[in-house]
Amino acid sequence: MTIKIGIERVISFLAVLLALLAFRKEKEHNNTGSTHLVENNGTVYSSDSKIIFIGGVPKSGTTLMRVLLDVHPLVRCGPETHVFIDLLKLRYEWKNFDELRARNTAAGVTQQIIDAAVRAFLLEVTARHGHPAQVICIKEPFLMTQGGFLASVFPNSKLIHMVRDGRAITHSLIKRNLNFPPFSPTDHLQNLKSWSRIATGMHSICAGIGTSRCQTVRYEDLVVNTEKIMRKVIQWLDLPWEPRILQHSEVMSEVAVSHLETTSDQIT
C-alpha cells in the first residue's frame with residue numbers, strides 16, 4: 001500500500017511538473033511583443049487586459065460561477081460563445097497533428113503566426129460579445145484543456161477551474177440527455193472514465209500555471225458555502241466584494257443568457 005501511494009504521488013508530481021514546463025515553453029514561444037487592440041463602446045482592450053477564463057468538465061458548475069461573477073458590476077462574462085473552444089481545438093490540431101503542421105509550414109504559416117491570429121480572434125470575441133466592463137470573462141466547458149495557451153497569450157488573465165464529483169456529472173449528462181463528446185448521454189462508465197482522464201489533465205494544467213493565476217473551485221463547496229468561496233474568489237481576482245452575488249437569483253434580468261445554453265433553464 002505504501003509503495004502504491006508513493007508511486008501515485010510521483011506520477012502526480014511529474015504530471016504537474018510537465019504541465020509547468022509546457023506552460024513556460026508556451027509562454028516563451030508566444031512572447032511576440034505585438035499588440036492587438038479591440039474597442040467596445042469606448043473601452044479599449046488588449047491581450048494585457050484583465051480577463052477571466054472559466055472552464056471545467058461539462059456540468060461541473062461553470063455556468064453557476066459565471067453567473068455569480070456576472071452579477072458583479074465590474075465584470076462581464078456573458079453566455080457561452082462556442083466559437084471560442086472551437087478555435088482553440090483547431091489551434092491544437094494545427095500545432096500537434098503532423099500532417100496539418102507540415103502543410104502549414106510548407107505554406108509559410110508558422111505556429112507563431114497562427115498563435116498571434118488566434119489570440120487576436122479570441123480577444124475580439126471576448127471583448128465584443130457583450131457590454132464593456134473593467135474585467136471581461138469567457139466561460140466554456142473544456143476551456144481548461146487549453147489553459148496553458150490562454151495563460152501565455154493573455155499574461156494578465158486568471159483562470160478558474162471548476163471541479164465536480166464525476167458521479168454527479170454523469171448523472172446530470174444522462175438525465176438531461178446531453179451529448180458532449182467524449183461524454184455519452186447513455187453510458188455512465190464511459191463518462192466516469194472520461195471525467196477521470198480530462199479532470200486530471202485540467203488539474204495538472206492549472207497546477208502548472210500556478211495558484212496566483214489559476215484556482216480550482218469545487219462545485220459542491222460553492223453550493224454549500226457560497227459566500228465563503230466567492231469571497232475568496234473575488235479577493236483573488238483583486239475585486240471589491242459585491243453583496244449582490246449572494247442574491248444573484250433576484251437580479252438575473254441583468255445577466256445575459258442564451259436560450260441555446262444547456263443550463264439556461266437552470267439559472268433563469
# chains A, B, ... in the order shown; residues from 1 in each chain; ligands from 1
>>> residues_around(residues="range 133-141 of chain A", least_positions_apart="2", cutoff="8 Å", atoms="only C-alpha atoms", output="ChimeraX atom specification")
/A:43,49-58,62-63,66,73-82,84-85,126-127,131,143-144
>>> write_last_selection(atoms="N, CA, C and O atoms", output="compact mmCIF listing (two decimals), in the first residue's frame")
# COMPACT_ATOMS: atom_id res chain seq x y z
N THR A 43 -14.37 51.59 -24.71
CA THR A 43 -13.40 50.88 -23.87
C THR A 43 -12.46 50.07 -24.76
O THR A 43 -12.93 49.35 -25.64
N SER A 49 -5.14 43.03 -21.08
CA SER A 49 -6.29 43.38 -20.24
C SER A 49 -6.58 42.27 -19.23
O SER A 49 -6.14 41.13 -19.38
N LYS A 50 -7.34 42.65 -18.19
CA LYS A 50 -7.75 41.66 -17.20
C LYS A 50 -8.89 40.82 -17.76
O LYS A 50 -9.95 41.33 -18.09
N ILE A 51 -8.63 39.53 -17.87
CA ILE A 51 -9.61 38.60 -18.43
C ILE A 51 -9.73 37.40 -17.50
O ILE A 51 -8.73 36.91 -16.98
N ILE A 52 -10.95 36.93 -17.31
CA ILE A 52 -11.19 35.72 -16.53
C ILE A 52 -11.64 34.62 -17.47
O ILE A 52 -12.55 34.82 -18.28
N PHE A 53 -11.02 33.46 -17.35
CA PHE A 53 -11.44 32.29 -18.12
C PHE A 53 -11.97 31.24 -17.15
O PHE A 53 -11.30 30.89 -16.17
N ILE A 54 -13.19 30.76 -17.40
CA ILE A 54 -13.82 29.75 -16.55
C ILE A 54 -14.00 28.48 -17.36
O ILE A 54 -14.60 28.50 -18.44
N GLY A 55 -13.45 27.38 -16.85
CA GLY A 55 -13.56 26.12 -17.59
C GLY A 55 -13.66 24.94 -16.65
O GLY A 55 -13.53 25.06 -15.43
N GLY A 56 -13.88 23.79 -17.25
CA GLY A 56 -14.00 22.55 -16.48
C GLY A 56 -14.72 21.51 -17.32
O GLY A 56 -15.17 21.78 -18.44
N VAL A 57 -14.86 20.33 -16.79
CA VAL A 57 -15.64 19.29 -17.44
C VAL A 57 -17.10 19.76 -17.52
O VAL A 57 -17.58 20.43 -16.61
N PRO A 58 -17.81 19.45 -18.61
CA PRO A 58 -19.22 19.85 -18.70
C PRO A 58 -20.02 19.41 -17.47
O PRO A 58 -19.80 18.35 -16.91
N THR A 62 -19.60 25.47 -14.21
CA THR A 62 -19.03 26.65 -14.88
C THR A 62 -20.09 27.73 -15.09
O THR A 62 -19.78 28.92 -14.97
N THR A 63 -21.31 27.33 -15.37
CA THR A 63 -22.37 28.32 -15.60
C THR A 63 -22.71 29.06 -14.30
O THR A 63 -22.88 30.28 -14.30
N ARG A 66 -20.00 31.61 -13.61
CA ARG A 66 -20.02 32.78 -14.49
C ARG A 66 -21.20 33.69 -14.15
O ARG A 66 -21.09 34.92 -14.25
N PRO A 73 -20.70 44.29 -10.72
CA PRO A 73 -20.79 45.42 -11.66
C PRO A 73 -19.51 45.68 -12.46
O PRO A 73 -19.56 46.36 -13.48
N LEU A 74 -18.38 45.14 -12.02
CA LEU A 74 -17.11 45.37 -12.73
C LEU A 74 -16.76 44.24 -13.68
O LEU A 74 -15.73 44.31 -14.36
N VAL A 75 -17.62 43.20 -13.73
CA VAL A 75 -17.31 42.01 -14.52
C VAL A 75 -18.40 41.76 -15.56
O VAL A 75 -19.58 41.96 -15.29
N ARG A 76 -17.98 41.32 -16.73
CA ARG A 76 -18.95 40.85 -17.73
C ARG A 76 -18.46 39.55 -18.35
O ARG A 76 -17.40 39.49 -18.95
N CYS A 77 -19.25 38.51 -18.16
CA CYS A 77 -18.94 37.21 -18.77
C CYS A 77 -19.81 36.97 -20.00
O CYS A 77 -19.31 36.88 -21.11
N GLY A 78 -21.10 36.86 -19.78
CA GLY A 78 -22.00 36.61 -20.91
C GLY A 78 -22.15 35.14 -21.20
O GLY A 78 -21.49 34.29 -20.61
N PRO A 79 -23.03 34.80 -22.14
CA PRO A 79 -23.30 33.40 -22.49
C PRO A 79 -22.09 32.74 -23.15
O PRO A 79 -21.14 33.41 -23.56
N GLU A 80 -22.16 31.41 -23.27
CA GLU A 80 -21.12 30.70 -23.99
C GLU A 80 -21.11 31.15 -25.46
O GLU A 80 -22.15 31.30 -26.08
N THR A 81 -19.90 31.33 -25.99
CA THR A 81 -19.79 31.73 -27.40
C THR A 81 -19.70 30.53 -28.33
O THR A 81 -20.05 30.61 -29.50
N HIS A 82 -19.21 29.41 -27.83
CA HIS A 82 -18.99 28.18 -28.59
C HIS A 82 -17.84 28.30 -29.59
O HIS A 82 -17.07 27.34 -29.76
N PHE A 84 -15.28 29.97 -29.29
CA PHE A 84 -14.03 30.11 -28.54
C PHE A 84 -13.29 28.78 -28.45
O PHE A 84 -12.14 28.66 -28.87
N ILE A 85 -13.97 27.77 -27.93
CA ILE A 85 -13.32 26.47 -27.77
C ILE A 85 -13.12 25.80 -29.12
O ILE A 85 -12.16 25.04 -29.32
N THR A 126 -13.98 37.92 -26.94
CA THR A 126 -14.12 38.20 -25.51
C THR A 126 -14.54 39.63 -25.26
O THR A 126 -15.42 39.91 -24.42
N ALA A 127 -13.94 40.57 -25.99
CA ALA A 127 -14.17 41.99 -25.74
C ALA A 127 -15.50 42.48 -26.28
O ALA A 127 -16.11 43.39 -25.70
N HIS A 131 -21.50 43.79 -23.32
CA HIS A 131 -21.24 45.19 -22.98
C HIS A 131 -19.83 45.32 -22.40
O HIS A 131 -19.28 44.37 -21.83
N LEU A 143 -12.58 24.53 -21.62
CA LEU A 143 -11.65 25.65 -21.79
C LEU A 143 -10.31 25.38 -21.10
O LEU A 143 -9.25 25.76 -21.61
N MET A 144 -10.36 24.70 -19.96
CA MET A 144 -9.14 24.45 -19.21
C MET A 144 -8.18 23.52 -19.94
O MET A 144 -7.00 23.46 -19.62
>>> select_by_dssp(residues="range 2-188 of chain A", states="strand (DSSP E)", output="mmCIF file with all heavy atoms, in the first residue's frame")
data_model
loop_
_atom_site.group_PDB
_atom_site.id
_atom_site.type_symbol
_atom_site.label_atom_id
_atom_site.label_comp_id
_atom_site.auth_asym_id
_atom_site.auth_seq_id
_atom_site.Cartn_x
_atom_site.Cartn_y
_atom_site.Cartn_z
ATOM 1 N N VAL A 38 -8.685 46.155 -29.254
ATOM 2 C CA VAL A 38 -10.099 45.982 -29.599
ATOM 3 C C VAL A 38 -10.903 47.017 -28.836
ATOM 4 O O VAL A 38 -10.734 47.175 -27.614
ATOM 5 C CB VAL A 38 -10.596 44.572 -29.236
ATOM 6 C CG1 VAL A 38 -12.087 44.449 -29.552
ATOM 7 C CG2 VAL A 38 -9.804 43.514 -29.979
ATOM 8 N N GLU A 39 -11.777 47.733 -29.540
ATOM 9 C CA GLU A 39 -12.596 48.783 -28.912
ATOM 10 C C GLU A 39 -14.047 48.327 -28.816
ATOM 11 O O GLU A 39 -14.602 47.762 -29.775
ATOM 12 C CB GLU A 39 -12.498 50.076 -29.721
ATOM 13 C CG GLU A 39 -13.145 51.286 -29.053
ATOM 14 C CD GLU A 39 -14.607 51.461 -29.437
ATOM 15 O OE1 GLU A 39 -15.005 50.902 -30.481
ATOM 16 O OE2 GLU A 39 -15.350 52.130 -28.703
ATOM 17 N N ASN A 40 -14.644 48.547 -27.659
ATOM 18 C CA ASN A 40 -16.050 48.229 -27.450
ATOM 19 C C ASN A 40 -16.713 49.405 -26.753
ATOM 20 O O ASN A 40 -16.544 49.615 -25.550
ATOM 21 C CB ASN A 40 -16.200 46.946 -26.610
ATOM 22 C CG ASN A 40 -17.664 46.551 -26.411
ATOM 23 O OD1 ASN A 40 -18.595 47.260 -26.799
ATOM 24 N ND2 ASN A 40 -17.873 45.386 -25.799
ATOM 25 N N THR A 43 -14.375 51.590 -24.708
ATOM 26 C CA THR A 43 -13.401 50.884 -23.874
ATOM 27 C C THR A 43 -12.464 50.074 -24.764
ATOM 28 O O THR A 43 -12.925 49.346 -25.642
ATOM 29 C CB THR A 43 -14.099 49.946 -22.873
ATOM 30 O OG1 THR A 43 -14.972 50.715 -22.044
ATOM 31 C CG2 THR A 43 -13.087 49.219 -22.000
ATOM 32 N N VAL A 44 -11.166 50.246 -24.542
ATOM 33 C CA VAL A 44 -10.174 49.572 -25.374
ATOM 34 C C VAL A 44 -9.544 48.414 -24.605
ATOM 35 O O VAL A 44 -9.144 48.551 -23.452
ATOM 36 C CB VAL A 44 -9.072 50.552 -25.830
ATOM 37 C CG1 VAL A 44 -8.014 49.828 -26.657
ATOM 38 C CG2 VAL A 44 -9.683 51.696 -26.635
ATOM 39 N N TYR A 45 -9.468 47.265 -25.275
ATOM 40 C CA TYR A 45 -8.894 46.072 -24.671
ATOM 41 C C TYR A 45 -7.686 45.606 -25.486
ATOM 42 O O TYR A 45 -7.600 45.843 -26.689
ATOM 43 C CB TYR A 45 -9.921 44.937 -24.618
ATOM 44 C CG TYR A 45 -11.154 45.261 -23.815
ATOM 45 C CD1 TYR A 45 -12.307 45.738 -24.446
ATOM 46 C CD2 TYR A 45 -11.177 45.089 -22.439
ATOM 47 C CE1 TYR A 45 -13.450 46.028 -23.711
ATOM 48 C CE2 TYR A 45 -12.321 45.378 -21.699
ATOM 49 C CZ TYR A 45 -13.449 45.849 -22.344
ATOM 50 O OH TYR A 45 -14.581 46.152 -21.623
ATOM 51 N N ILE A 51 -8.634 39.530 -17.873
ATOM 52 C CA ILE A 51 -9.615 38.602 -18.429
ATOM 53 C C ILE A 51 -9.729 37.397 -17.504
ATOM 54 O O ILE A 51 -8.729 36.906 -16.982
ATOM 55 C CB ILE A 51 -9.204 38.133 -19.842
ATOM 56 C CG1 ILE A 51 -9.029 39.330 -20.778
ATOM 57 C CG2 ILE A 51 -10.253 37.172 -20.412
ATOM 58 C CD1 ILE A 51 -8.516 38.958 -22.162
ATOM 59 N N ILE A 52 -10.951 36.929 -17.308
ATOM 60 C CA ILE A 52 -11.195 35.723 -16.526
ATOM 61 C C ILE A 52 -11.643 34.616 -17.471
ATOM 62 O O ILE A 52 -12.550 34.819 -18.280
ATOM 63 C CB ILE A 52 -12.283 35.944 -15.458
ATOM 64 C CG1 ILE A 52 -11.920 37.121 -14.543
ATOM 65 C CG2 ILE A 52 -12.510 34.678 -14.638
ATOM 66 C CD1 ILE A 52 -13.079 37.571 -13.660
ATOM 67 N N PHE A 53 -11.024 33.457 -17.352
ATOM 68 C CA PHE A 53 -11.437 32.288 -18.118
ATOM 69 C C PHE A 53 -11.970 31.239 -17.147
ATOM 70 O O PHE A 53 -11.302 30.886 -16.175
ATOM 71 C CB PHE A 53 -10.274 31.706 -18.918
ATOM 72 C CG PHE A 53 -9.737 32.620 -19.985
ATOM 73 C CD1 PHE A 53 -8.474 33.167 -19.867
ATOM 74 C CD2 PHE A 53 -10.503 32.946 -21.087
ATOM 75 C CE1 PHE A 53 -7.973 34.020 -20.838
ATOM 76 C CE2 PHE A 53 -10.023 33.797 -22.075
ATOM 77 C CZ PHE A 53 -8.755 34.343 -21.953
ATOM 78 N N ILE A 54 -13.193 30.760 -17.404
ATOM 79 C CA ILE A 54 -13.822 29.753 -16.553
ATOM 80 C C ILE A 54 -13.996 28.477 -17.363
ATOM 81 O O ILE A 54 -14.602 28.496 -18.437
ATOM 82 C CB ILE A 54 -15.196 30.218 -16.044
ATOM 83 C CG1 ILE A 54 -15.081 31.576 -15.340
ATOM 84 C CG2 ILE A 54 -15.816 29.185 -15.121
ATOM 85 C CD1 ILE A 54 -16.427 32.203 -15.029
ATOM 86 N N GLY A 55 -13.454 27.379 -16.855
ATOM 87 C CA GLY A 55 -13.561 26.124 -17.587
ATOM 88 C C GLY A 55 -13.662 24.937 -16.652
ATOM 89 O O GLY A 55 -13.526 25.061 -15.431
ATOM 90 N N GLY A 56 -13.881 23.785 -17.245
ATOM 91 C CA GLY A 56 -14.003 22.548 -16.485
ATOM 92 C C GLY A 56 -14.722 21.512 -17.317
ATOM 93 O O GLY A 56 -15.167 21.782 -18.437
ATOM 94 N N VAL A 75 -17.622 43.204 -13.729
ATOM 95 C CA VAL A 75 -17.311 42.013 -14.519
ATOM 96 C C VAL A 75 -18.396 41.762 -15.559
ATOM 97 O O VAL A 75 -19.579 41.961 -15.287
ATOM 98 C CB VAL A 75 -17.171 40.766 -13.615
ATOM 99 C CG1 VAL A 75 -16.838 39.521 -14.447
ATOM 100 C CG2 VAL A 75 -16.101 40.996 -12.549
ATOM 101 N N ARG A 76 -17.983 41.323 -16.728
ATOM 102 C CA ARG A 76 -18.952 40.854 -17.727
ATOM 103 C C ARG A 76 -18.458 39.552 -18.351
ATOM 104 O O ARG A 76 -17.399 39.488 -18.946
ATOM 105 C CB ARG A 76 -19.156 41.896 -18.830
ATOM 106 C CG ARG A 76 -20.287 41.499 -19.812
ATOM 107 C CD ARG A 76 -19.767 40.792 -21.038
ATOM 108 N NE ARG A 76 -18.964 41.682 -21.838
ATOM 109 C CZ ARG A 76 -17.992 41.263 -22.641
ATOM 110 N NH1 ARG A 76 -17.693 39.987 -22.715
ATOM 111 N NH2 ARG A 76 -17.283 42.132 -23.350
ATOM 112 N N VAL A 135 -13.484 44.227 -16.176
ATOM 113 C CA VAL A 135 -12.927 42.877 -16.309
ATOM 114 C C VAL A 135 -13.864 42.066 -17.198
ATOM 115 O O VAL A 135 -15.064 41.977 -16.923
ATOM 116 C CB VAL A 135 -12.797 42.181 -14.937
ATOM 117 C CG1 VAL A 135 -12.203 40.782 -15.107
ATOM 118 C CG2 VAL A 135 -11.937 43.015 -13.995
ATOM 119 N N ILE A 136 -13.324 41.492 -18.268
ATOM 120 C CA ILE A 136 -14.141 40.685 -19.172
ATOM 121 C C ILE A 136 -13.845 39.211 -18.933
ATOM 122 O O ILE A 136 -12.809 38.845 -18.386
ATOM 123 C CB ILE A 136 -13.905 41.077 -20.644
ATOM 124 C CG1 ILE A 136 -12.414 41.115 -20.963
ATOM 125 C CG2 ILE A 136 -14.572 42.415 -20.936
ATOM 126 C CD1 ILE A 136 -12.104 41.478 -22.415
ATOM 127 N N CYS A 137 -14.778 38.388 -19.367
ATOM 128 C CA CYS A 137 -14.747 36.998 -18.929
ATOM 129 C C CYS A 137 -15.332 36.086 -20.006
ATOM 130 O O CYS A 137 -16.251 36.472 -20.726
ATOM 131 C CB CYS A 137 -15.551 36.900 -17.627
ATOM 132 S SG CYS A 137 -16.008 35.250 -17.109
ATOM 133 N N ILE A 138 -14.780 34.885 -20.110
ATOM 134 C CA ILE A 138 -15.297 33.865 -21.017
ATOM 135 C C ILE A 138 -15.467 32.566 -20.238
ATOM 136 O O ILE A 138 -14.591 32.159 -19.483
ATOM 137 C CB ILE A 138 -14.338 33.630 -22.202
ATOM 138 C CG1 ILE A 138 -14.464 34.740 -23.237
ATOM 139 C CG2 ILE A 138 -14.622 32.284 -22.864
ATOM 140 C CD1 ILE A 138 -15.732 34.689 -24.082
ATOM 141 N N LYS A 139 -16.606 31.939 -20.444
ATOM 142 C CA LYS A 139 -16.864 30.641 -19.812
ATOM 143 C C LYS A 139 -17.290 29.643 -20.883
ATOM 144 O O LYS A 139 -18.207 29.908 -21.652
ATOM 145 C CB LYS A 139 -17.962 30.792 -18.755
ATOM 146 C CG LYS A 139 -18.577 29.467 -18.274
ATOM 147 C CD LYS A 139 -19.842 29.116 -19.025
ATOM 148 C CE LYS A 139 -20.337 27.728 -18.661
ATOM 149 N NZ LYS A 139 -21.516 27.312 -19.450
ATOM 150 N N LYS A 158 -6.714 35.435 -15.513
ATOM 151 C CA LYS A 158 -6.794 34.452 -14.441
ATOM 152 C C LYS A 158 -7.805 33.383 -14.846
ATOM 153 O O LYS A 158 -8.794 33.669 -15.514
ATOM 154 C CB LYS A 158 -7.184 35.107 -13.118
ATOM 155 C CG LYS A 158 -6.093 36.008 -12.554
ATOM 156 C CD LYS A 158 -6.358 36.427 -11.130
ATOM 157 C CE LYS A 158 -5.169 37.208 -10.559
ATOM 158 N NZ LYS A 158 -5.369 37.571 -9.129
ATOM 159 N N LEU A 159 -7.524 32.146 -14.445
ATOM 160 C CA LEU A 159 -8.344 31.018 -14.849
ATOM 161 C C LEU A 159 -8.975 30.348 -13.636
ATOM 162 O O LEU A 159 -8.316 30.140 -12.620
ATOM 163 C CB LEU A 159 -7.509 29.991 -15.622
ATOM 164 C CG LEU A 159 -6.905 30.462 -16.947
ATOM 165 C CD1 LEU A 159 -5.540 31.121 -16.730
ATOM 166 C CD2 LEU A 159 -6.764 29.307 -17.929
ATOM 167 N N ILE A 160 -10.256 30.013 -13.771
ATOM 168 C CA ILE A 160 -10.977 29.309 -12.719
ATOM 169 C C ILE A 160 -11.331 27.921 -13.238
ATOM 170 O O ILE A 160 -12.041 27.778 -14.235
ATOM 171 C CB ILE A 160 -12.253 30.055 -12.304
ATOM 172 C CG1 ILE A 160 -11.895 31.436 -11.739
ATOM 173 C CG2 ILE A 160 -13.043 29.251 -11.276
ATOM 174 C CD1 ILE A 160 -13.102 32.297 -11.407
ATOM 175 N N HIS A 161 -10.821 26.918 -12.556
ATOM 176 C CA HIS A 161 -11.077 25.525 -12.928
ATOM 177 C C HIS A 161 -12.155 24.956 -12.018
ATOM 178 O O HIS A 161 -11.927 24.749 -10.831
ATOM 179 C CB HIS A 161 -9.779 24.713 -12.800
ATOM 180 C CG HIS A 161 -9.962 23.249 -13.028
ATOM 181 N ND1 HIS A 161 -9.208 22.289 -12.380
ATOM 182 C CD2 HIS A 161 -10.824 22.571 -13.824
ATOM 183 C CE1 HIS A 161 -9.590 21.094 -12.776
ATOM 184 N NE2 HIS A 161 -10.575 21.233 -13.650
ATOM 185 N N MET A 162 -13.334 24.717 -12.576
ATOM 186 C CA MET A 162 -14.435 24.161 -11.800
ATOM 187 C C MET A 162 -14.355 22.637 -11.797
ATOM 188 O O MET A 162 -14.137 22.006 -12.831
ATOM 189 C CB MET A 162 -15.776 24.611 -12.381
ATOM 190 C CG MET A 162 -16.040 26.105 -12.290
ATOM 191 S SD MET A 162 -16.081 26.729 -10.587
ATOM 192 C CE MET A 162 -17.406 25.739 -9.874
ATOM 193 N N VAL A 163 -14.530 22.058 -10.605
ATOM 194 C CA VAL A 163 -14.453 20.605 -10.425
ATOM 195 C C VAL A 163 -15.709 20.120 -9.708
ATOM 196 O O VAL A 163 -16.187 20.758 -8.761
ATOM 197 C CB VAL A 163 -13.207 20.215 -9.599
ATOM 198 C CG1 VAL A 163 -13.175 18.714 -9.355
ATOM 199 C CG2 VAL A 163 -11.937 20.645 -10.315
#
>>> closest_atom_pairs(of="range 41-87 of chain A", to="range 118-122 of chain A", cutoff="9 Å", atoms="only C-alpha atoms", output="tab-separated table")
residue	atom	partner	partner_atom	distance
A:Ser46	CA	A:Ala120	CA	8.8
A:Ser47	CA	A:Arg119	CA	7.6
A:Val83	CA	A:Leu122	CA	8.9
A:Phe84	CA	A:Leu122	CA	6.5
A:Leu87	CA	A:Val118	CA	7.4
>>> closest_atom_pairs(of="range 57-110 of chain A", to="range 237-256 of chain A", cutoff="8 Å", atoms="only C-alpha atoms", output="CSV")
residue,atom,partner,partner_atom,distance
A:Val67,CA,A:Val255,CA,7.1
A:Leu68,CA,A:Ile245,CA,5.5
A:Leu69,CA,A:Ile245,CA,7.3
A:Asp70,CA,A:Val255,CA,6.4
A:Val71,CA,A:Ile245,CA,5.9
A:His72,CA,A:Glu242,CA,6.1
A:Gly78,CA,A:Ala256,CA,5.4
A:Pro79,CA,A:Ala256,CA,6.3
>>> write_last_selection(atoms="C-alpha atoms", output="mmCIF file, in the first residue's frame")
data_model
loop_
_atom_site.group_PDB
_atom_site.id
_atom_site.type_symbol
_atom_site.label_atom_id
_atom_site.label_comp_id
_atom_site.auth_asym_id
_atom_site.auth_seq_id
_atom_site.Cartn_x
_atom_site.Cartn_y
_atom_site.Cartn_z
ATOM 1 C CA VAL A 67 -23.473 33.946 -13.328
ATOM 2 C CA LEU A 68 -22.150 34.790 -9.860
ATOM 3 C CA LEU A 69 -19.341 36.805 -11.458
ATOM 4 C CA ASP A 70 -21.698 38.397 -13.997
ATOM 5 C CA VAL A 71 -23.655 39.921 -11.128
ATOM 6 C CA HIS A 72 -20.563 41.897 -10.136
ATOM 7 C CA GLY A 78 -21.999 36.615 -20.906
ATOM 8 C CA PRO A 79 -23.303 33.400 -22.491
#
>>> decode(residues="range 96-110 of chain A", atoms="C-alpha atoms", output="PDB file, in the first residue's frame")
ATOM      1  CA  ASN A  96       0.085  18.836 -32.852  1.00  0.00           C
ATOM      2  CA  PHE A  97      -1.093  16.938 -35.945  1.00  0.00           C
ATOM      3  CA  ASP A  98       1.971  16.228 -38.112  1.00  0.00           C
ATOM      4  CA  GLU A  99       0.164  16.441 -41.454  1.00  0.00           C
ATOM      5  CA  LEU A 100      -1.517  19.756 -40.663  1.00  0.00           C
ATOM      6  CA  ARG A 101       1.655  21.239 -39.182  1.00  0.00           C
ATOM      7  CA  ALA A 102       3.697  20.213 -42.234  1.00  0.00           C
ATOM      8  CA  ARG A 103       1.094  21.678 -44.592  1.00  0.00           C
ATOM      9  CA  ASN A 104       1.052  24.993 -42.752  1.00  0.00           C
ATOM     10  CA  THR A 105       4.853  25.162 -42.511  1.00  0.00           C
ATOM     11  CA  ALA A 106       5.207  24.483 -46.246  1.00  0.00           C
ATOM     12  CA  ALA A 107       2.905  27.428 -46.918  1.00  0.00           C
ATOM     13  CA  GLY A 108       4.914  29.717 -44.650  1.00  0.00           C
ATOM     14  CA  VAL A 109       2.255  29.707 -41.948  1.00  0.00           C
ATOM     15  CA  THR A 110       4.320  29.311 -38.793  1.00  0.00           C
TER      16      THR A 110
END
